[in-house]
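Reviewing the structure listed below.
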Amino acid sequence: MNLTLKIWRQEGPEAKGKMVTYKVSDISKDMSFLEMLDVLNEDLATKGERTVEFDHDCREGICGQCSLVINGQAHGHESHYTTCQTHMRSYKDGDVIFIEPFRAKSFPVIRDLKVDRSSMDKIIQAGGYISSFTGMAPEANSIPIHHEVAESAFDSAACIGCGACVATCKNSSAALFLSAKISHLAKLPQGKVERMERVVWMVNAHDDEGFGSCTNTGACAMVCPQEVDLLDITRMNYEYNRALATVRS
Amino acid sequence: MALNAKIPEGLLKDKWQNYLNKTNIVNPANRKKLDIIVVGAGLSGGGAAASLAELGYNVKVFFFQDSGRRSHSVAAQGGVNAAKNYKNDGDNVYRMFYDTIKGGDYRSREANVYRMAQVSVDLIDHMTAQGVPFGREYGGYLSNRSFGGVLVSRTFYARGQTGQQLLLATYQAMMKEIKRGTLTQYSRHEIQDIVVVDGKARGVIVRNLVTGEIERHSAHAVVLGTGGFGKIFYLSTLAMNSNGSATWRAHKKGAFFANPSWTQIHPTALPQAGEHQSKLTLMSESLRNDGRIWVPKKKDDPRPPGEIPAEDRDYYLERRYPAFGNLVPRDVASRAAKERMDAGYGVGPLKNAVYLDFKTAIEKLGVDTIRERYGNLFTMYKKITGIDAYKEPMKISPAAHFSMGGLWVDYELQTTIPGLYAVGEANFADHGANRLGANSLLQASVDGNFILPNTISNYLSNEIRTGKIPTDTPEFDEAEKAVKEQLQKILSIKGTMPVDQIHRRLGKIMFKEVAMSRNEKGLKWAIEEIRKLRKEFWTNVAVPGDDKGMNSELEKAGRLADYLEISELMAVDALDRKESCGAHFREEYQTEDGEAVRDDKNYMYSAAWEWLGGEKWKLHKEQLEFKEIEVKTRSYK
Ligand SMILES: Cc1cc2nc3c(=O)[nH]c(=O)nc-3n(C[C@H](O)[C@H](O)[C@H](O)COP(=O)(O)OP(=O)(O)OC[C@H]3O[C@@H](n4cnc5c(N)ncnc54)[C@H](O)[C@@H]3O)c2cc1C
Ligand code: FES
């Protein structure tokens with residue numbers, strides 16, 4: 001296949017960016033989307049031109065490092081895929097593909113398609129953990145946890161922290177990411193001790209980092225590679241109100 | 001310099017306790033005065049960073065991803081081993097030790113392996129307390145599965161994303177310490193060199209990948225948890241940016257590199273589909289619990305797999321190894337697949353795969369059970385290949401996966417440079433010539449959380465009067481100068497060959513001659529080819545852009561420059577070892593039916609290589625002694 005790519009190029013955070021057109025040829029159907037970009041970059045390198053910067057690492061959908069908006073959709077057109085899992089099977093000869101970075105106030109562009117997502121680290125730093133130090137733990141089987149509870153906690157814990165929920169949300173809210181961690185820890189007995197401080201601190205950090213508010217549109221859950229459930233946001237709201245109510249009383 | 005492994009006195013089961021009883025510890029009030037640099041935020045580095053920060057040391061952690069949560073440990077699927085004996089199936093610390101030594105083909109250090117099995121028990125408690133949602137039975141207790149090379153169920157798992165869940169717990173522990181102010185993180189930073197002052201590791205030179213700036217950081221001790229270098233094969237199950245640069249640069253500063261050629265080739269990865277391919281996705285070994293491996297008995301059988309009846313299928317692992325069947329260790333499974341494919345029985349368009357079939361398991365256990373056990377792996381398989389493995393067998397193929405070799409360390413995990421430690425996959429310690437599945441998450445985690453914090457204090461207790469290490473000294477000047485010169489040299493070549501193309505060619509040489517099967521002629525050929533390719537790199541690599549800001553091509557070029565040297569040492573090491581053991585299979589040393597032949601008389605050692613400059617190394621031997629286990633021929637028949 002021969003394709004036309006329209007790619008966002010931007011030197012640095014302060015620079016003005018623009019869409020630049022490139023052509024790639026001989027793209028085969030079984031290539032991954034990022035391998036297609038590798039082809040472009042090898043071509044640019046051979047010509048001595050600066051290559052397109054994009055984030056990626058594991059290339060199997062688990063590290064959360066890849067992050068593109070492809071034809072207007074975070075991680076491309078398939079629901080619940082990461083960009084690195086997207087393959088060229090679904091494109092056809094002559095297609096024009098628009099490639100942009102994840103866009104949000106809390107994700108400033110570093111260069112081209114790479115953005116700074118350290119704001120998500122800050123949310124976890126605010127309280128997304130259990131304060132147990134190495135050496136403190138009791139015997140693991142001393143806390144039986146119902147099979148279904150463990151499975152449900154896993155569903156929330158599976159979040160890969162890619163930020164597609166933010167990039168897709170019209171308010172640039174990180175509510176799905178935030179609520180996944182709150183839910184993961186609130187569902188487990190080990191996490192219950194700190195649940196009240198945790199939810200308040202984390203929600204505050206989310207707002208301080210400039211993420212928008214959630215208006216329950218649900219677009220985030222449509223793109224989430226790990227299919228984190230929208231109900232986690234409901235649970236977060238419950239946890240938050242419960243915490244505030246408890247403090248007030 | 002003579003190698004001293006510093007193995008403590010006493011019976012195997014008492015050694016670690018004896019060590020802990022006698023080792024020096026640092027007064028809590030003095031810990032704040034001591035700086036520690038940890039490189040790597042995976043299970044080993046991240047665990048070390050969090051645990052050392054909890055103890056009150058002043059810790060800085062460096063990694064190249066944008067967040068520690070993305071370190072390559074995140075990709076581990078299958079599980080983590082521990083000798084809990086929750087299954088009442090006869091497991092215990094000794095049996096785990098035994099399985100690991102045997103799995104490693106009697107080429108690992110007895111005392112280290114025993115200690116790993118001992119602390120495995122604590123790790124599951126630790127990770128559960130941190131909120132890891134391990135799989136559970138209906139009664140609410142922890143569940144286990146089996147992995148290759150063992151006859152008990154000791155593998156704990158969180159669906160097919162165990163590495164992710166352990167890493168997130170570790171990452172969260174780091175975030176907690178950052179909030180407490182004891183830990184500082186440097187994301188998107190890559191180590192360029194280790195600074196040695198008066199024979200001791202005193203700091204690092206790093207490149208800020210965002211601004212391009214070269215920075216100096218000093219410390220009283222440096223810990224490398226930088227993972228494996230399997231990406232040297234270009235096609236591997238590792239993440240694209242995994243590299244061997246930190247350990248290699250430490251090697252060139254005096255740290256010995258041990259058993260570099262021992263690479264695990266994993267039997268169940270997805271086969272290569274074309275030239276452009278950038279990585280080979282792993283399909284977890286846990287699948288071999290319920291999946292059966294086969295190829296058609298007839299060459300080029302045109303029928304789709306579902307239409308080939310049982311009598312026309314060769315379940316070659318079950319045929320050759322009736323005792324362990326589909327659960328033989330990885331080296332054995334990979335070689336057996338290679339044997340079938342080389343003989344012309346491979347399947348798929350490139351004849352480079354074998355079938356992994358779940359039909360029997362689905363009939364027996366039902367599709368729901370299989371979905372719950374491996375759902376995410378089947379989904380992953382479908383996303384990549386477009387094929388539904390509930391209906392049709394997977395096609396799998398061997399791929400480079402894990403480095404058993406790494407920096408030589410003693411019992412304290414200290415390298416041959418005082419003050420420089422190596423943890424996790426970056427060291428060589430526990431897996432011998434072949435690693436057992438689910439032992440590596442274990443090793444990385446316990447190195448970082450439980451072992452290093454107790455051994456590094458022995459060294460640091462002598463540093464409490466040292467004071468801050470200055471960075472405006474000749475040693476830092478020189479190291480920084482060399483780093484900058486190398487970057488400029490790479491940028492000035494302005495050749496025509498992109499980095500990845502050279503890397504792919506290196507990968508082909510390595511996979512052909514320094515992988516599953518080796519021989520003298522091939523290894524000598526590989527050395528010649530590597531040298532030619534290295535020359536080509538330094539005269540014709542195409543790296544556009546500059547060093548002033550983000551430049552991925554420059555990052556990759558630096559890593560490839562190191563790979564082009566590590567690869568030579570791998571071949572040298574493989575050439576030196578005139579025996580077959582574990583993953584190291586020398587064609588000259590095999591039985592009539594193709595099984596490995598070890599030479600315990602002459603090769604019962606770990607090969608620790610000292611860099612002498614240029615293309616020269618000196619071999620130091622750490623003789624291995626087995627006092628509490630009988631050395632036997634490894635058999636899975
Ligand atoms: C696909 C896959 C599946 C696996 N499945 C299992 C399994 O089921 N069970 C099991 O036990 N093991 C498994 N393993 C092996 C296991 O995951 C690894 O051996 C282990 O996680 C390594 O951990 P680590 O902390 O040593 O290194 P890593 O997790 O690789 O971390 C390396 C860290 O070092 C940093 N780093 C590296 N180089 C530099 C540099 N030059 N400068 C700065 N920072 C640097 C990185 O940023 C990263 O933070 C698997 C491996 C793979 C590839
Ligand atoms: S590169 Fe890791 S999730 Fe895409």
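We name chains A, B, ... following the order of the structure tokens; residues begin at 1 in each chain, and ligands are numbered from 1 as shown.
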
Which polymer residues have any atom within 9 Å of an atom of Asp562 (chain B), counting only C-alpha atoms, with same-chain residues fewer than 4 positions away left out, as a compact mmCIF listing (two decimals) with N, CA, C and O atoms, in the first residue's frame?
```txt
# COMPACT_ATOMS: atom_id res chain seq x y z
N ASN B 243 17.88 -2.10 26.94
CA ASN B 243 19.24 -2.01 26.42
C ASN B 243 20.25 -2.57 27.40
O ASN B 243 19.92 -2.87 28.54
N GLY B 244 21.49 -2.70 26.92
CA GLY B 244 22.55 -3.23 27.78
C GLY B 244 23.58 -2.17 28.12
O GLY B 244 24.68 -2.47 28.59
N SER B 245 23.25 -0.93 27.86
CA SER B 245 24.26 0.13 27.92
C SER B 245 24.79 0.40 29.32
O SER B 245 25.99 0.60 29.51
N TRP B 248 27.01 -2.41 30.35
CA TRP B 248 28.20 -2.48 29.51
C TRP B 248 29.18 -1.37 29.84
O TRP B 248 30.39 -1.57 29.90
N ARG B 249 28.64 -0.18 30.09
CA ARG B 249 29.55 0.93 30.41
C ARG B 249 30.19 0.69 31.79
O ARG B 249 31.35 1.04 32.00
N ALA B 557 21.20 4.89 18.64
CA ALA B 557 22.56 4.70 18.13
C ALA B 557 23.51 4.39 19.29
O ALA B 557 24.38 3.52 19.17
N GLY B 558 23.35 5.11 20.39
CA GLY B 558 24.21 4.87 21.55
C GLY B 558 24.06 3.45 22.06
O GLY B 558 25.03 2.78 22.40
N ILE B 566 28.93 -5.83 23.01
CA ILE B 566 28.46 -6.93 23.85
C ILE B 566 28.38 -8.21 23.01
O ILE B 566 28.74 -9.30 23.47
N SER B 567 27.90 -8.07 21.79
CA SER B 567 27.71 -9.24 20.93
C SER B 567 29.02 -10.00 20.74
O SER B 567 29.04 -11.23 20.73
```

Go through the chains and note each residue within 8 Å of ligand 2, using only C-alpha atoms and all ligand atoms, then give the set as a short mmCIF file (atom, residue, chain, number, x, y, z; two decimals) with all heavy atoms, in the first residue's frame.
```cif
data_model
loop_
_atom_site.label_atom_id
_atom_site.label_comp_id
_atom_site.auth_asym_id
_atom_site.auth_seq_id
_atom_site.Cartn_x
_atom_site.Cartn_y
_atom_site.Cartn_z
N ASP A 55 6.20 8.26 21.19
CA ASP A 55 6.48 7.42 22.35
C ASP A 55 6.05 5.98 22.11
O ASP A 55 4.99 5.73 21.52
CB ASP A 55 5.74 7.95 23.58
CG ASP A 55 6.62 8.83 24.45
OD1 ASP A 55 7.82 8.53 24.55
OD2 ASP A 55 6.09 9.82 25.00
N HIS A 56 6.83 5.05 22.60
CA HIS A 56 6.50 3.63 22.50
C HIS A 56 7.53 2.87 23.29
O HIS A 56 8.63 3.38 23.51
CB HIS A 56 6.55 3.17 21.04
CG HIS A 56 7.96 3.19 20.49
ND1 HIS A 56 8.70 2.06 20.24
CD2 HIS A 56 8.77 4.22 20.19
CE1 HIS A 56 9.89 2.40 19.80
NE2 HIS A 56 9.97 3.71 19.76
N ASP A 57 7.20 1.67 23.75
CA ASP A 57 8.23 0.83 24.36
C ASP A 57 7.89 -0.65 24.20
O ASP A 57 8.48 -1.32 23.38
CB ASP A 57 8.48 1.20 25.83
CG ASP A 57 9.85 0.74 26.32
OD1 ASP A 57 10.72 0.47 25.47
OD2 ASP A 57 10.07 0.63 27.54
N CYS A 58 6.89 -1.14 24.94
CA CYS A 58 6.66 -2.59 24.93
C CYS A 58 6.12 -3.09 23.59
O CYS A 58 6.34 -4.23 23.20
CB CYS A 58 5.68 -2.98 26.03
SG CYS A 58 3.97 -2.53 25.69
N ARG A 59 5.39 -2.26 22.90
CA ARG A 59 4.72 -2.63 21.64
C ARG A 59 3.85 -3.87 21.79
O ARG A 59 3.75 -4.69 20.87
CB ARG A 59 5.73 -2.80 20.50
CG ARG A 59 6.35 -1.46 20.12
CD ARG A 59 6.84 -1.44 18.69
NE ARG A 59 7.39 -0.11 18.37
CZ ARG A 59 7.89 0.21 17.19
NH1 ARG A 59 7.90 -0.66 16.22
NH2 ARG A 59 8.35 1.41 16.98
N GLU A 60 3.29 -4.06 22.96
CA GLU A 60 2.30 -5.13 23.09
C GLU A 60 1.14 -4.72 23.98
O GLU A 60 0.45 -5.57 24.50
CB GLU A 60 2.95 -6.45 23.51
CG GLU A 60 3.76 -6.40 24.79
CD GLU A 60 4.40 -7.75 25.08
OE1 GLU A 60 5.27 -8.19 24.30
OE2 GLU A 60 4.02 -8.37 26.09
N GLY A 61 0.94 -3.43 24.12
CA GLY A 61 -0.29 -2.98 24.75
C GLY A 61 -0.32 -2.98 26.26
O GLY A 61 -1.39 -2.93 26.85
N ILE A 62 0.84 -3.03 26.92
CA ILE A 62 0.79 -3.14 28.37
C ILE A 62 1.53 -2.02 29.11
O ILE A 62 1.20 -1.71 30.25
CB ILE A 62 1.28 -4.54 28.83
CG1 ILE A 62 0.93 -4.82 30.30
CG2 ILE A 62 2.76 -4.71 28.61
CD1 ILE A 62 -0.51 -5.05 30.57
N CYS A 63 2.51 -1.38 28.48
CA CYS A 63 3.30 -0.39 29.23
C CYS A 63 2.64 0.97 29.26
O CYS A 63 2.92 1.78 30.14
CB CYS A 63 4.72 -0.29 28.68
SG CYS A 63 4.86 0.59 27.11
N GLY A 64 1.78 1.25 28.28
CA GLY A 64 1.10 2.54 28.26
C GLY A 64 1.94 3.68 27.74
O GLY A 64 1.58 4.83 27.86
N GLN A 65 3.08 3.38 27.16
CA GLN A 65 3.96 4.46 26.69
C GLN A 65 3.49 5.02 25.34
O GLN A 65 3.68 6.20 25.06
CB GLN A 65 5.40 3.95 26.59
CG GLN A 65 6.43 4.98 26.12
CD GLN A 65 7.09 5.75 27.25
OE1 GLN A 65 7.35 5.23 28.32
NE2 GLN A 65 7.35 7.01 27.03
N CYS A 66 2.87 4.22 24.49
CA CYS A 66 2.49 4.76 23.18
C CYS A 66 1.24 5.63 23.32
O CYS A 66 0.44 5.44 24.21
CB CYS A 66 2.27 3.63 22.17
SG CYS A 66 0.91 2.54 22.57
N SER A 67 1.09 6.57 22.42
CA SER A 67 0.05 7.59 22.63
C SER A 67 -0.18 8.41 21.38
O SER A 67 0.45 9.43 21.22
CB SER A 67 0.53 8.56 23.70
OG SER A 67 1.72 9.18 23.25
N THR A 82 -4.48 -0.35 21.96
CA THR A 82 -3.48 0.70 22.06
C THR A 82 -2.95 0.95 20.65
O THR A 82 -3.10 0.09 19.77
CB THR A 82 -2.29 0.26 22.95
OG1 THR A 82 -1.77 -0.95 22.42
CG2 THR A 82 -2.72 0.06 24.38
N THR A 83 -2.28 2.09 20.48
CA THR A 83 -1.72 2.40 19.17
C THR A 83 -0.77 1.29 18.71
O THR A 83 -0.79 0.89 17.55
CB THR A 83 -0.95 3.74 19.25
OG1 THR A 83 -1.92 4.76 19.45
CG2 THR A 83 -0.17 4.02 17.99
N CYS A 84 0.03 0.76 19.63
CA CYS A 84 1.02 -0.25 19.23
C CYS A 84 0.35 -1.56 18.80
O CYS A 84 0.97 -2.37 18.12
CB CYS A 84 2.03 -0.49 20.34
SG CYS A 84 1.31 -1.10 21.87
N GLN A 85 -0.91 -1.77 19.23
CA GLN A 85 -1.60 -3.00 18.82
C GLN A 85 -2.36 -2.83 17.51
O GLN A 85 -2.87 -3.79 16.95
CB GLN A 85 -2.59 -3.43 19.90
CG GLN A 85 -1.93 -3.94 21.16
CD GLN A 85 -2.93 -4.18 22.27
OE1 GLN A 85 -3.82 -3.38 22.49
NE2 GLN A 85 -2.80 -5.29 22.97
N ILE A 160 -3.50 0.87 32.34
CA ILE A 160 -2.09 0.97 31.95
C ILE A 160 -1.58 2.41 32.01
O ILE A 160 -0.45 2.69 31.63
CB ILE A 160 -1.82 0.36 30.55
CG1 ILE A 160 -2.62 1.07 29.46
CG2 ILE A 160 -2.11 -1.13 30.55
CD1 ILE A 160 -2.26 0.63 28.04
N CYS A 162 -2.16 5.10 30.24
CA CYS A 162 -1.71 5.67 28.97
C CYS A 162 -2.19 7.09 28.78
O CYS A 162 -1.56 7.88 28.09
CB CYS A 162 -2.16 4.79 27.80
SG CYS A 162 -3.96 4.62 27.66
N ARG B 70 6.18 2.12 33.56
CA ARG B 70 6.29 1.53 32.23
C ARG B 70 7.53 0.64 32.07
O ARG B 70 7.78 0.13 30.99
CB ARG B 70 6.32 2.63 31.18
CG ARG B 70 5.23 3.68 31.37
CD ARG B 70 4.90 4.42 30.12
NE ARG B 70 4.15 5.64 30.36
CZ ARG B 70 2.86 5.68 30.70
NH1 ARG B 70 2.18 4.57 30.86
NH2 ARG B 70 2.27 6.83 30.89
N ALA B 239 11.03 -4.98 25.35
CA ALA B 239 10.54 -3.68 24.89
C ALA B 239 11.58 -3.07 23.96
O ALA B 239 12.76 -3.38 24.02
CB ALA B 239 10.29 -2.78 26.08
#
```

**Message:** Please find the residues contacting ligand 1 at a distance of at most 6 Å between atoms, with only C-alpha atoms and all ligand atoms counted, and report them as a ChimeraX atom specification.
**Reply:** /B:39-45,62-65,68,71-73,75-80,189-191,225-227,237-238,242-243,245-246,282,401,424-426,437-442,444

Listing only residues of chain A within 6 Å of chain B, what is the closest atom pair and its distance in Å (to one decimal) for each, using only C-alpha atoms, sorted by chain and residue number ascending, as CSV?
```
residue,atom,partner,partner_atom,distance
A:Glu42,CA,B:Pro498,CA,5.8
A:Ala45,CA,B:Pro544,CA,5.8
A:Thr46,CA,B:Thr496,CA,5.1
A:Gly48,CA,B:Pro544,CA,5.0
A:Glu49,CA,B:Pro544,CA,5.7
A:Arg50,CA,B:Gly545,CA,5.0
A:Asp57,CA,B:Met240,CA,5.0
A:Cys58,CA,B:Ala239,CA,4.0
A:Cys63,CA,B:Arg70,CA,4.7
A:Gln125,CA,B:Met175,CA,4.7
A:Tyr129,CA,B:Gln172,CA,5.2
A:Ile130,CA,B:Gln130,CA,5.7
A:Ala137,CA,B:His126,CA,5.2
A:Glu139,CA,B:Asp125,CA,5.3
A:Ala140,CA,B:Asp125,CA,4.4
A:Asn141,CA,B:Tyr141,CA,5.8
A:Pro144,CA,B:Gly140,CA,4.5
A:Ile145,CA,B:Gly140,CA,4.4
A:His146,CA,B:Gly140,CA,4.4
A:His147,CA,B:Arg136,CA,5.1
A:Ala150,CA,B:Pro133,CA,5.5
A:Phe154,CA,B:Pro133,CA,5.5
```

**Message:** Please return, as JSON, numbers by chain, all residues of region 1-248 of chain A that DSSP assigns to strand (DSSP E or B) on the basis of the backbone.
**Reply:** {"A": [3, 4, 5, 6, 7, 8, 9, 18, 19, 20, 21, 22, 23, 24, 32, 68, 69, 70, 73, 74, 87, 96, 97, 98, 99, 100, 101, 109, 110, 111, 114, 115]}

**Two-atom distance - CA of Glu311 (chain B), CA of Ala333 (chain B) (Å)** =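 Going from CA of Glu311 (chain B) over to CA of Ala333 (chain B), I get 21.7 Å.
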
**Prompt:** Which residues, written as number ranges by chain, have at least one atom at most 6 Å from region 620-625 of chain B, with only C-alpha atoms counted and residues fewer than 6 positions away on the same chain left out?
**Reply:** B: 604-608

Could the residues in this selection be saved with N, CA, C and O atoms as a CSV table (one decimal), in the first residue's frame?
```
chain,number,residue,atom,x,y,z
B,604,MET,N,32.7,-26.5,35.3
B,604,MET,CA,31.9,-26.2,36.4
B,604,MET,C,32.2,-24.8,37.0
B,604,MET,O,32.7,-24.7,38.1
B,605,TYR,N,32.1,-23.8,36.2
B,605,TYR,CA,32.4,-22.5,36.6
B,605,TYR,C,31.5,-21.4,35.9
B,605,TYR,O,30.9,-21.7,34.9
B,606,SER,N,31.4,-20.3,36.6
B,606,SER,CA,30.8,-19.1,36.0
B,606,SER,C,32.0,-18.3,35.3
B,606,SER,O,33.0,-18.1,36.0
B,607,ALA,N,31.8,-18.0,34.1
B,607,ALA,CA,32.8,-17.2,33.4
B,607,ALA,C,32.7,-15.7,33.6
B,607,ALA,O,31.7,-15.2,33.2
B,608,ALA,N,33.6,-15.1,34.3
B,608,ALA,CA,33.5,-13.7,34.6
B,608,ALA,C,34.6,-13.0,33.7
B,608,ALA,O,35.8,-13.3,33.9
```

**Prompt:** Where in region 16-204 of chain A does DSSP assign alpha helix (DSSP H), given as a ChimeraX atom specification?
**Reply:** /A:33-46,118-125,147-157,164-168,175-187,189-192,195-204

Show me, as a PDB file with N, CA and C atoms, in the first residue's frame, the residues that have an atom within 6 Å of region 509-522 of chain B when counting only C-alpha atoms, minus same-chain residues fewer than 2 positions from it.
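The result, stored in selection12.pdb:
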```
ATOM      1  N   LEU B 506      22.650  -7.073  12.844  1.00  0.00           N
ATOM      2  CA  LEU B 506      23.312  -7.661  14.018  1.00  0.00           C
ATOM      3  C   LEU B 506      22.437  -8.792  14.572  1.00  0.00           C
ATOM      4  N   GLY B 507      21.154  -8.520  14.667  1.00  0.00           N
ATOM      5  CA  GLY B 507      20.224  -9.513  15.197  1.00  0.00           C
ATOM      6  C   GLY B 507      20.264 -10.813  14.410  1.00  0.00           C
ATOM      7  N   LYS B 524      33.031 -18.297  15.250  1.00  0.00           N
ATOM      8  CA  LYS B 524      34.157 -17.534  14.702  1.00  0.00           C
ATOM      9  C   LYS B 524      33.687 -16.631  13.563  1.00  0.00           C
ATOM     10  N   TRP B 525      32.798 -17.189  12.770  1.00  0.00           N
ATOM     11  CA  TRP B 525      32.213 -16.388  11.689  1.00  0.00           C
ATOM     12  C   TRP B 525      31.481 -15.177  12.270  1.00  0.00           C
ATOM     13  N   PHE B 585      23.906 -24.530  23.950  1.00  0.00           N
ATOM     14  CA  PHE B 585      23.975 -25.834  23.302  1.00  0.00           C
ATOM     15  C   PHE B 585      25.041 -25.794  22.215  1.00  0.00           C
ATOM     16  N   ARG B 586      26.165 -26.470  22.487  1.00  0.00           N
ATOM     17  CA  ARG B 586      27.224 -26.540  21.482  1.00  0.00           C
ATOM     18  C   ARG B 586      27.036 -27.838  20.712  1.00  0.00           C
ATOM     19  N   GLU B 587      26.867 -27.699  19.412  1.00  0.00           N
ATOM     20  CA  GLU B 587      26.554 -28.868  18.583  1.00  0.00           C
ATOM     21  C   GLU B 587      27.604 -29.973  18.707  1.00  0.00           C
TER      22      GLU B 587
END
```

**Request:** Find the residues around Lys33 (chain B) up to 12 Å (only C-alpha atoms counted), leave out those fewer than 4 positions away in its own chain, and share them as number ranges by chain.
**Result:** B: 26-29, 56-59, 182, 219-220, 460-461, 463-469

**Prompt:** If we count only C-alpha atoms, what is near Phe54 (chain A) at a cut-off of 12 Å, once residues fewer than 5 positions away on the same chain are taken out, given as a PyMOL selection string?
**Reply:** (chain A and resi 7-10+33-35+37-38+41+65-69+83-84+99-102+109-116) or (chain B and resi 550-553)
